[in-house]
$ cat work_13.cif   # mmCIF, C-alpha atoms
data_upload
loop_
_atom_site.label_atom_id
_atom_site.label_comp_id
_atom_site.auth_asym_id
_atom_site.auth_seq_id
_atom_site.Cartn_x
_atom_site.Cartn_y
_atom_site.Cartn_z
CA MET A 182 13.67 11.43 -27.29
CA GLU A 183 15.28 11.11 -23.88
CA ARG A 184 17.15 7.93 -22.95
CA ASN A 185 15.65 7.27 -19.50
CA SER A 186 12.94 4.69 -20.22
CA GLN A 187 10.50 6.13 -17.68
CA ASP A 188 10.94 9.64 -19.09
CA LYS A 189 10.71 8.27 -22.61
CA GLY A 190 7.47 6.45 -21.81
CA SER A 191 6.08 9.57 -20.20
CA GLN A 192 7.04 11.66 -23.26
CA LEU A 193 5.43 9.10 -25.56
CA LEU A 194 2.18 9.19 -23.57
CA GLN A 195 2.17 12.99 -23.66
CA LEU A 196 2.73 13.01 -27.41
CA PHE A 197 0.01 10.41 -27.94
CA ALA A 198 -2.45 12.37 -25.78
CA ARG A 199 -1.56 15.65 -27.53
CA HIS A 200 -2.21 14.17 -30.99
CA ASP A 201 -5.04 11.77 -30.10
CA ARG A 202 -7.77 13.84 -31.79
CA GLU A 203 -5.77 14.25 -34.97
CA LEU A 204 -4.94 10.52 -35.09
CA ARG A 205 -8.60 9.64 -34.52
CA ALA A 206 -9.64 12.01 -37.30
CA TYR A 207 -7.05 10.46 -39.60
CA SER A 208 -8.35 6.98 -38.81
CA ARG A 209 -11.91 8.17 -39.46
CA LEU A 210 -10.89 9.20 -42.98
CA ILE A 211 -9.98 5.58 -43.68
CA LEU A 212 -12.74 3.73 -41.86
CA PRO A 213 -16.28 3.50 -43.26
CA SER A 214 -17.79 4.39 -39.87
CA ALA A 215 -16.74 5.73 -36.50
CA ASN A 216 -17.58 2.50 -34.68
CA PRO A 217 -14.17 0.76 -34.88
CA ILE A 218 -12.09 3.87 -34.09
CA ASP A 219 -11.68 3.01 -30.41
CA ASP A 220 -10.44 -0.48 -31.36
CA VAL A 221 -8.09 0.98 -33.97
CA MET A 222 -6.67 3.49 -31.51
CA GLN A 223 -6.20 0.82 -28.86
CA ASP A 224 -4.36 -1.45 -31.31
CA ALA A 225 -2.33 1.48 -32.64
CA SER A 226 -1.37 2.60 -29.13
CA ILE A 227 -0.01 -0.87 -28.36
CA ILE A 228 2.06 -0.86 -31.54
CA ILE A 229 3.28 2.69 -30.85
CA TRP A 230 4.34 1.63 -27.37
CA GLU A 231 6.11 -1.49 -28.67
CA LYS A 232 7.91 0.44 -31.42
CA GLN A 233 8.76 3.57 -29.43
CA ASP A 234 12.48 2.92 -29.90
CA GLN A 235 12.03 3.67 -33.61
CA LEU A 236 10.96 7.24 -32.79
CA ARG A 237 13.97 9.53 -33.01
CA SER A 238 12.46 12.88 -32.02
CA GLU A 239 9.23 14.46 -30.85
CA ASP A 240 8.93 16.32 -34.17
CA GLU A 241 8.64 12.99 -35.99
CA PHE A 242 5.90 11.61 -33.72
CA LEU A 243 2.82 12.66 -35.67
CA PRO A 244 3.87 11.38 -39.13
CA TRP A 245 5.26 8.20 -37.52
CA ALA A 246 2.07 7.61 -35.49
CA LYS A 247 -0.11 8.39 -38.52
CA THR A 248 1.66 5.62 -40.44
CA ILE A 249 0.87 3.17 -37.66
CA VAL A 250 -2.75 4.35 -37.37
CA ARG A 251 -3.07 4.13 -41.14
CA ASN A 252 -1.88 0.51 -41.22
CA VAL A 253 -4.10 -0.53 -38.31
CA SER A 254 -7.09 1.30 -39.84
CA PHE A 255 -6.65 -0.47 -43.17
CA ARG A 256 -6.36 -3.80 -41.36
CA HIS A 257 -9.70 -3.09 -39.63
CA ARG A 258 -11.15 -1.93 -42.96
CA ARG A 259 -10.31 -5.23 -44.59
CA LYS A 260 -12.34 -7.00 -41.91
CA LEU A 261 -15.31 -4.84 -42.91
CA VAL A 262 -15.07 -5.25 -46.70
CA HIS A 263 -17.91 -7.73 -46.80
CA ASP A 264 -20.15 -4.69 -46.31
CA ARG A 265 -20.99 -3.30 -49.76
CA HIS A 266 -20.90 0.26 -48.41
CA VAL A 267 -17.16 0.18 -47.86
CA PHE A 268 -15.07 2.06 -50.44
CA ASP A 269 -12.25 0.39 -52.32
CA ASP A 270 -8.80 0.75 -50.67
CA ASN A 271 -7.44 2.56 -53.75
CA LEU A 272 -10.16 5.18 -53.52
CA VAL A 273 -9.46 5.72 -49.83
CA GLU A 274 -5.72 6.02 -50.62
CA ARG A 275 -6.49 8.73 -53.21
CA ILE A 276 -8.71 10.59 -50.74
CA LEU A 277 -5.96 10.44 -48.13
CA ALA A 278 -3.37 11.70 -50.61
CA GLU A 279 -5.65 14.59 -51.56
CA GLU A 280 -6.27 15.43 -47.89
CA GLU A 281 -2.53 15.39 -47.15
CA SER A 282 -1.88 17.54 -50.22
CA GLU A 283 -4.47 20.11 -49.13
CA GLN A 284 -2.99 20.13 -45.63
CA SER A 285 0.49 20.61 -47.08
CA GLU A 286 -0.75 23.49 -49.25
CA ALA A 287 -2.33 25.14 -46.19
CA ASN A 288 0.93 24.75 -44.27
CA ASN A 289 2.87 26.20 -47.21
CA GLU A 290 0.49 29.16 -47.42
CA GLN A 291 0.86 29.82 -43.69
CA GLY A 292 4.63 29.51 -44.02
CA THR A 293 4.61 32.02 -46.88
CA GLN A 294 2.56 34.47 -44.81
CA GLU A 295 4.92 34.05 -41.85
CA TYR A 296 7.95 34.52 -44.11
CA ASN A 297 6.49 37.68 -45.66
CA ALA A 298 5.68 39.07 -42.20
CA LEU A 299 9.22 38.28 -41.01
CA MET A 300 10.78 39.99 -44.03
CA ALA A 301 8.56 43.06 -43.54
CA CYS A 302 9.56 43.28 -39.88
CA LEU A 303 13.25 42.76 -40.64
CA SER A 304 13.13 45.55 -43.21
CA LYS A 305 11.90 47.94 -40.50
CA LEU A 306 15.06 47.39 -38.45
CA PRO A 307 18.14 49.56 -38.89
CA ASP A 308 20.87 47.78 -40.87
CA GLU A 309 23.11 47.32 -37.80
CA ARG A 310 20.30 45.61 -35.84
CA ARG A 311 19.27 43.48 -38.82
CA GLN A 312 22.88 42.28 -39.18
CA LEU A 313 22.93 41.33 -35.50
CA ILE A 314 19.65 39.40 -35.80
CA LEU A 315 20.94 37.48 -38.83
CA ALA A 316 24.50 36.90 -37.55
CA PRO A 317 23.84 33.59 -35.71
CA TYR A 318 22.22 32.12 -38.83
CA ARG A 319 24.98 33.12 -41.23
CA ALA A 320 27.94 31.45 -39.55
CA PRO A 321 28.94 30.03 -36.19
CA GLY A 322 30.43 32.75 -34.01
CA GLY A 323 28.75 35.52 -35.98
CA VAL A 324 27.77 37.50 -32.88
CA LYS A 325 31.30 37.20 -31.45
CA GLU A 326 32.65 38.44 -34.77
CA ILE A 327 30.40 41.51 -34.62
CA ALA A 328 31.54 42.09 -31.02
CA ALA A 329 35.17 41.95 -32.09
CA GLN A 330 34.47 44.61 -34.73
CA SER A 331 32.59 46.86 -32.30
CA THR A 332 33.13 48.25 -28.84
CA ARG A 333 30.51 45.96 -27.26
CA SER A 334 31.10 42.68 -25.46
CA PRO A 335 29.64 39.44 -26.87
CA ASN A 336 27.51 39.10 -23.73
CA SER A 337 25.92 42.54 -24.21
CA LEU A 338 25.25 41.72 -27.88
CA TYR A 339 23.58 38.43 -26.92
CA LYS A 340 21.32 40.32 -24.49
CA LEU A 341 20.52 42.86 -27.19
CA LEU A 342 19.88 40.01 -29.62
CA GLN A 343 17.43 38.48 -27.16
CA ARG A 344 15.52 41.78 -26.87
CA LEU A 345 15.55 42.25 -30.66
CA ARG A 346 14.17 38.74 -31.19
CA ALA A 347 11.33 39.46 -28.76
CA LYS A 348 10.51 42.69 -30.63
CA LEU A 349 10.73 40.88 -33.95
CA LEU A 350 8.38 38.16 -32.73
CA HIS A 351 5.90 40.80 -31.56
CA CYS A 352 6.14 42.56 -34.93
CA VAL A 353 5.58 39.31 -36.87
CA GLU A 354 2.58 38.36 -34.72
CA THR A 355 1.09 41.83 -35.18
CA GLN A 356 1.75 41.68 -38.92
CA LEU A 357 0.03 38.28 -39.18
CA ARG A 358 -3.00 39.51 -37.23
CA THR A 359 -3.40 42.61 -39.40
CA THR A 360 -2.69 40.98 -42.76
CA PRO A 361 -5.91 39.84 -44.50
CA VAL A 362 -5.97 36.15 -45.34
#

$ encode --input "work_13.cif" --output "structure tokens"
Amino acid sequence: MERNSQDKGSQLLQLFARHDRELRAYSRLILPSANPIDDVMQDASIIIWEKQDQLRSEDEFLPWAKTIVRNVSFRHRRKLVHDRHVFDDNLVERILAEEESEQSEANNEQGTQEYNALMACLSKLPDERRQLILAPYRAPGGVKEIAAQSTRSPNSLYKLLQRLRAKLLHCVETQLRTTPV
């Protein structure tokens, strides 16, 4: 995350707002009722704000925030255990693990579909274009190396690469829309 504390605080608030529904839903999985969710989210938001220096990147926000929401939710749960309708913490942990596993499987399935669509679209490209698309991922300076072996300038190849990536993205999106789930 950015170093400027005002920008960092603004980014944190944006991330929290973006993932608020998912964090609330996660808390609801742990809590026996929806009543304490607002209190849990308020307590969690304070902790998130206080510990924002622990967050290294935006990509890590959701798992990091879920850990905080999880801990706060279990703390609130313990206050409610006198109610006989509250499940045992171990059972809730197993339910959470199963939910996370199902979510991971869904993400893996989507990733597999995206990968298959990408491979299908790449196979439609002529070999020369496919090599250009893959060059930046094979080694640093791959595009410049191709330019040195051809009559084209690196700049023209980068522009071509940009156009090819746009076409590839369009192909993958079309492939995903037309492929039955």

$ residues_around --input "work_13.cif" --residues "Glu326 in chain A" --least-positions-apart "4" --cutoff "9 Å" --atoms "all atoms listed in the file" --output "JSON, numbers by chain"
{"A": [316, 322, 330, 331, 335]}

$ resolve_selection --input "work_13.cif" --expression "the PyMOL selection byres ((chain A and resi 204-213) around 8)" --output "compact mmCIF listing (two decimals) with C-alpha atoms, keeping the file's coordinate frame"
# COMPACT_ATOMS: atom_id res chain seq x y z
CA HIS A 200 -2.21 14.17 -30.99
CA ASP A 201 -5.04 11.77 -30.10
CA ARG A 202 -7.77 13.84 -31.79
CA GLU A 203 -5.77 14.25 -34.97
CA SER A 214 -17.79 4.39 -39.87
CA ALA A 215 -16.74 5.73 -36.50
CA PRO A 217 -14.17 0.76 -34.88
CA ILE A 218 -12.09 3.87 -34.09
CA VAL A 221 -8.09 0.98 -33.97
CA MET A 222 -6.67 3.49 -31.51
CA ALA A 246 2.07 7.61 -35.49
CA LYS A 247 -0.11 8.39 -38.52
CA VAL A 250 -2.75 4.35 -37.37
CA ARG A 251 -3.07 4.13 -41.14
CA SER A 254 -7.09 1.30 -39.84
CA PHE A 255 -6.65 -0.47 -43.17
CA HIS A 257 -9.70 -3.09 -39.63
CA ARG A 258 -11.15 -1.93 -42.96
CA HIS A 266 -20.90 0.26 -48.41
CA VAL A 267 -17.16 0.18 -47.86
CA PHE A 268 -15.07 2.06 -50.44
CA VAL A 273 -9.46 5.72 -49.83
CA LEU A 277 -5.96 10.44 -48.13

$ atom_distance --input "work_13.cif" --atom1 "CA of Ala301 in chain A" --atom2 "CA of Thr355 in chain A"
11.3 Å

$ atom_distance --input "work_13.cif" --atom1 "CA of Ser238 in chain A" --atom2 "CA of Ser226 in chain A"
17.5 Å

$ residues_around --input "work_13.cif" --residues "Met300 in chain A" --least-positions-apart "3" --cutoff "12 Å" --atoms "only C-alpha atoms" --output "VMD selection string"
chain A and resid 293 to 297 303 to 306 311 315 349 to 350 352 to 353 356 to 357

$ write_last_selection --input "work_13.cif" --atoms "C-alpha atoms" --output "mmCIF file, keeping the file's coordinate frame"
data_model
loop_
_atom_site.group_PDB
_atom_site.id
_atom_site.type_symbol
_atom_site.label_atom_id
_atom_site.label_comp_id
_atom_site.auth_asym_id
_atom_site.auth_seq_id
_atom_site.Cartn_x
_atom_site.Cartn_y
_atom_site.Cartn_z
ATOM 1 C CA THR A 293 4.610 32.020 -46.880
ATOM 2 C CA GLN A 294 2.560 34.470 -44.810
ATOM 3 C CA GLU A 295 4.920 34.050 -41.850
ATOM 4 C CA TYR A 296 7.950 34.520 -44.110
ATOM 5 C CA ASN A 297 6.490 37.680 -45.660
ATOM 6 C CA LEU A 303 13.250 42.760 -40.640
ATOM 7 C CA SER A 304 13.130 45.550 -43.210
ATOM 8 C CA LYS A 305 11.900 47.940 -40.500
ATOM 9 C CA LEU A 306 15.060 47.390 -38.450
ATOM 10 C CA ARG A 311 19.270 43.480 -38.820
ATOM 11 C CA LEU A 315 20.940 37.480 -38.830
ATOM 12 C CA LEU A 349 10.730 40.880 -33.950
ATOM 13 C CA LEU A 350 8.380 38.160 -32.730
ATOM 14 C CA CYS A 352 6.140 42.560 -34.930
ATOM 15 C CA VAL A 353 5.580 39.310 -36.870
ATOM 16 C CA GLN A 356 1.750 41.680 -38.920
ATOM 17 C CA LEU A 357 0.030 38.280 -39.180
#

$ atom_distance --input "work_13.cif" --atom1 "CA of Ser191 in chain A" --atom2 "CA of Trp230 in chain A"
10.8 Å

$ residues_around --input "work_13.cif" --residues "Leu236 in chain A" --least-positions-apart "2" --cutoff "12 Å" --atoms "all atoms listed in the file" --output "PDB file with C-alpha atoms, keeping the file's coordinate frame"
ATOM      1  CA  MET A 182      13.670  11.430 -27.290  1.00  0.00           C
ATOM      2  CA  GLU A 183      15.280  11.110 -23.880  1.00  0.00           C
ATOM      3  CA  ARG A 184      17.150   7.930 -22.950  1.00  0.00           C
ATOM      4  CA  LYS A 189      10.710   8.270 -22.610  1.00  0.00           C
ATOM      5  CA  GLY A 190       7.470   6.450 -21.810  1.00  0.00           C
ATOM      6  CA  GLN A 192       7.040  11.660 -23.260  1.00  0.00           C
ATOM      7  CA  LEU A 193       5.430   9.100 -25.560  1.00  0.00           C
ATOM      8  CA  LEU A 196       2.730  13.010 -27.410  1.00  0.00           C
ATOM      9  CA  ILE A 229       3.280   2.690 -30.850  1.00  0.00           C
ATOM     10  CA  TRP A 230       4.340   1.630 -27.370  1.00  0.00           C
ATOM     11  CA  GLU A 231       6.110  -1.490 -28.670  1.00  0.00           C
ATOM     12  CA  LYS A 232       7.910   0.440 -31.420  1.00  0.00           C
ATOM     13  CA  GLN A 233       8.760   3.570 -29.430  1.00  0.00           C
ATOM     14  CA  ASP A 234      12.480   2.920 -29.900  1.00  0.00           C
ATOM     15  CA  SER A 238      12.460  12.880 -32.020  1.00  0.00           C
ATOM     16  CA  GLU A 239       9.230  14.460 -30.850  1.00  0.00           C
ATOM     17  CA  ASP A 240       8.930  16.320 -34.170  1.00  0.00           C
ATOM     18  CA  GLU A 241       8.640  12.990 -35.990  1.00  0.00           C
ATOM     19  CA  PHE A 242       5.900  11.610 -33.720  1.00  0.00           C
ATOM     20  CA  LEU A 243       2.820  12.660 -35.670  1.00  0.00           C
ATOM     21  CA  PRO A 244       3.870  11.380 -39.130  1.00  0.00           C
ATOM     22  CA  TRP A 245       5.260   8.200 -37.520  1.00  0.00           C
ATOM     23  CA  ALA A 246       2.070   7.610 -35.490  1.00  0.00           C
ATOM     24  CA  ILE A 249       0.870   3.170 -37.660  1.00  0.00           C
TER      25      ILE A 249
END

$ resolve_selection --input "work_13.cif" --expression "the PyMOL selection byres ((chain A and resi 313) around 8)" --output "ChimeraX atom specification"
/A:309-312,314-317,324,327,338,342

$ build_atoms --input "work_13.cif" --residues "range 200-232 of chain A" --atoms "N, CA and C atoms" --output "PDB file, in the frame of the given file"
ATOM      1  N   HIS A 200      -1.809  14.364 -29.587  1.00  0.00           N
ATOM      2  CA  HIS A 200      -2.210  14.170 -30.990  1.00  0.00           C
ATOM      3  C   HIS A 200      -3.361  13.174 -31.149  1.00  0.00           C
ATOM      4  N   ASP A 201      -3.979  12.777 -30.051  1.00  0.00           N
ATOM      5  CA  ASP A 201      -5.040  11.770 -30.100  1.00  0.00           C
ATOM      6  C   ASP A 201      -6.174  12.177 -31.043  1.00  0.00           C
ATOM      7  N   ARG A 202      -6.639  13.409 -30.941  1.00  0.00           N
ATOM      8  CA  ARG A 202      -7.770  13.840 -31.790  1.00  0.00           C
ATOM      9  C   ARG A 202      -7.403  13.798 -33.266  1.00  0.00           C
ATOM     10  N   GLU A 203      -6.190  14.245 -33.579  1.00  0.00           N
ATOM     11  CA  GLU A 203      -5.770  14.250 -34.970  1.00  0.00           C
ATOM     12  C   GLU A 203      -5.613  12.818 -35.502  1.00  0.00           C
ATOM     13  N   LEU A 204      -5.088  11.927 -34.672  1.00  0.00           N
ATOM     14  CA  LEU A 204      -4.940  10.520 -35.090  1.00  0.00           C
ATOM     15  C   LEU A 204      -6.299   9.866 -35.264  1.00  0.00           C
ATOM     16  N   ARG A 205      -7.239  10.180 -34.380  1.00  0.00           N
ATOM     17  CA  ARG A 205      -8.600   9.640 -34.520  1.00  0.00           C
ATOM     18  C   ARG A 205      -9.252  10.149 -35.808  1.00  0.00           C
ATOM     19  N   ALA A 206      -9.063  11.432 -36.081  1.00  0.00           N
ATOM     20  CA  ALA A 206      -9.640  12.010 -37.300  1.00  0.00           C
ATOM     21  C   ALA A 206      -9.026  11.363 -38.538  1.00  0.00           C
ATOM     22  N   TYR A 207      -7.741  11.107 -38.483  1.00  0.00           N
ATOM     23  CA  TYR A 207      -7.050  10.460 -39.600  1.00  0.00           C
ATOM     24  C   TYR A 207      -7.602   9.053 -39.807  1.00  0.00           C
ATOM     25  N   SER A 208      -7.793   8.322 -38.726  1.00  0.00           N
ATOM     26  CA  SER A 208      -8.350   6.980 -38.810  1.00  0.00           C
ATOM     27  C   SER A 208      -9.767   7.028 -39.383  1.00  0.00           C
ATOM     28  N   ARG A 209     -10.519   8.035 -38.984  1.00  0.00           N
ATOM     29  CA  ARG A 209     -11.910   8.170 -39.460  1.00  0.00           C
ATOM     30  C   ARG A 209     -11.964   8.398 -40.969  1.00  0.00           C
ATOM     31  N   LEU A 210     -10.929   9.023 -41.534  1.00  0.00           N
ATOM     32  CA  LEU A 210     -10.890   9.200 -42.980  1.00  0.00           C
ATOM     33  C   LEU A 210     -10.809   7.855 -43.702  1.00  0.00           C
ATOM     34  N   ILE A 211     -10.198   6.888 -43.064  1.00  0.00           N
ATOM     35  CA  ILE A 211      -9.980   5.580 -43.680  1.00  0.00           C
ATOM     36  C   ILE A 211     -11.148   4.634 -43.439  1.00  0.00           C
ATOM     37  N   LEU A 212     -11.706   4.684 -42.251  1.00  0.00           N
ATOM     38  CA  LEU A 212     -12.740   3.730 -41.860  1.00  0.00           C
ATOM     39  C   LEU A 212     -14.114   4.154 -42.395  1.00  0.00           C
ATOM     40  N   PRO A 213     -14.962   3.170 -42.716  1.00  0.00           N
ATOM     41  CA  PRO A 213     -16.280   3.500 -43.260  1.00  0.00           C
ATOM     42  C   PRO A 213     -17.246   4.052 -42.207  1.00  0.00           C
ATOM     43  N   SER A 214     -16.947   3.837 -40.936  1.00  0.00           N
ATOM     44  CA  SER A 214     -17.790   4.390 -39.870  1.00  0.00           C
ATOM     45  C   SER A 214     -16.917   4.680 -38.662  1.00  0.00           C
ATOM     46  N   ALA A 215     -17.493   5.371 -37.704  1.00  0.00           N
ATOM     47  CA  ALA A 215     -16.740   5.730 -36.500  1.00  0.00           C
ATOM     48  C   ALA A 215     -16.695   4.602 -35.478  1.00  0.00           C
ATOM     49  N   ASN A 216     -17.483   3.576 -35.671  1.00  0.00           N
ATOM     50  CA  ASN A 216     -17.580   2.500 -34.680  1.00  0.00           C
ATOM     51  C   ASN A 216     -16.249   1.855 -34.314  1.00  0.00           C
ATOM     52  N   PRO A 217     -15.400   1.475 -35.269  1.00  0.00           N
ATOM     53  CA  PRO A 217     -14.170   0.760 -34.880  1.00  0.00           C
ATOM     54  C   PRO A 217     -12.998   1.668 -34.461  1.00  0.00           C
ATOM     55  N   ILE A 218     -13.208   2.973 -34.383  1.00  0.00           N
ATOM     56  CA  ILE A 218     -12.090   3.870 -34.090  1.00  0.00           C
ATOM     57  C   ILE A 218     -11.449   3.576 -32.739  1.00  0.00           C
ATOM     58  N   ASP A 219     -12.257   3.306 -31.725  1.00  0.00           N
ATOM     59  CA  ASP A 219     -11.680   3.010 -30.410  1.00  0.00           C
ATOM     60  C   ASP A 219     -10.796   1.764 -30.479  1.00  0.00           C
ATOM     61  N   ASP A 220     -11.253   0.735 -31.211  1.00  0.00           N
ATOM     62  CA  ASP A 220     -10.440  -0.480 -31.360  1.00  0.00           C
ATOM     63  C   ASP A 220      -9.154  -0.182 -32.123  1.00  0.00           C
ATOM     64  N   VAL A 221      -9.267   0.611 -33.180  1.00  0.00           N
ATOM     65  CA  VAL A 221      -8.090   0.980 -33.970  1.00  0.00           C
ATOM     66  C   VAL A 221      -7.094   1.731 -33.101  1.00  0.00           C
ATOM     67  N   MET A 222      -7.575   2.697 -32.344  1.00  0.00           N
ATOM     68  CA  MET A 222      -6.670   3.490 -31.510  1.00  0.00           C
ATOM     69  C   MET A 222      -6.033   2.652 -30.416  1.00  0.00           C
ATOM     70  N   GLN A 223      -6.782   1.703 -29.880  1.00  0.00           N
ATOM     71  CA  GLN A 223      -6.200   0.820 -28.860  1.00  0.00           C
ATOM     72  C   GLN A 223      -5.096  -0.032 -29.480  1.00  0.00           C
ATOM     73  N   ASP A 224      -5.377  -0.628 -30.636  1.00  0.00           N
ATOM     74  CA  ASP A 224      -4.360  -1.450 -31.310  1.00  0.00           C
ATOM     75  C   ASP A 224      -3.153  -0.602 -31.706  1.00  0.00           C
ATOM     76  N   ALA A 225      -3.414   0.600 -32.223  1.00  0.00           N
ATOM     77  CA  ALA A 225      -2.330   1.480 -32.640  1.00  0.00           C
ATOM     78  C   ALA A 225      -1.483   1.908 -31.437  1.00  0.00           C
ATOM     79  N   SER A 226      -2.129   2.178 -30.306  1.00  0.00           N
ATOM     80  CA  SER A 226      -1.370   2.600 -29.130  1.00  0.00           C
ATOM     81  C   SER A 226      -0.443   1.496 -28.637  1.00  0.00           C
ATOM     82  N   ILE A 227      -0.873   0.265 -28.751  1.00  0.00           N
ATOM     83  CA  ILE A 227      -0.010  -0.870 -28.360  1.00  0.00           C
ATOM     84  C   ILE A 227       1.199  -0.944 -29.278  1.00  0.00           C
ATOM     85  N   ILE A 228       0.964  -0.811 -30.574  1.00  0.00           N
ATOM     86  CA  ILE A 228       2.060  -0.860 -31.540  1.00  0.00           C
ATOM     87  C   ILE A 228       3.012   0.315 -31.335  1.00  0.00           C
ATOM     88  N   ILE A 229       2.448   1.492 -31.103  1.00  0.00           N
ATOM     89  CA  ILE A 229       3.280   2.690 -30.850  1.00  0.00           C
ATOM     90  C   ILE A 229       4.151   2.462 -29.628  1.00  0.00           C
ATOM     91  N   TRP A 230       3.570   1.894 -28.591  1.00  0.00           N
ATOM     92  CA  TRP A 230       4.340   1.630 -27.370  1.00  0.00           C
ATOM     93  C   TRP A 230       5.458   0.616 -27.651  1.00  0.00           C
ATOM     94  N   GLU A 231       5.115  -0.442 -28.386  1.00  0.00           N
ATOM     95  CA  GLU A 231       6.110  -1.490 -28.670  1.00  0.00           C
ATOM     96  C   GLU A 231       7.232  -0.978 -29.566  1.00  0.00           C
ATOM     97  N   LYS A 232       6.922  -0.046 -30.452  1.00  0.00           N
ATOM     98  CA  LYS A 232       7.910   0.440 -31.420  1.00  0.00           C
ATOM     99  C   LYS A 232       8.487   1.801 -31.054  1.00  0.00           C
TER     100      LYS A 232
END
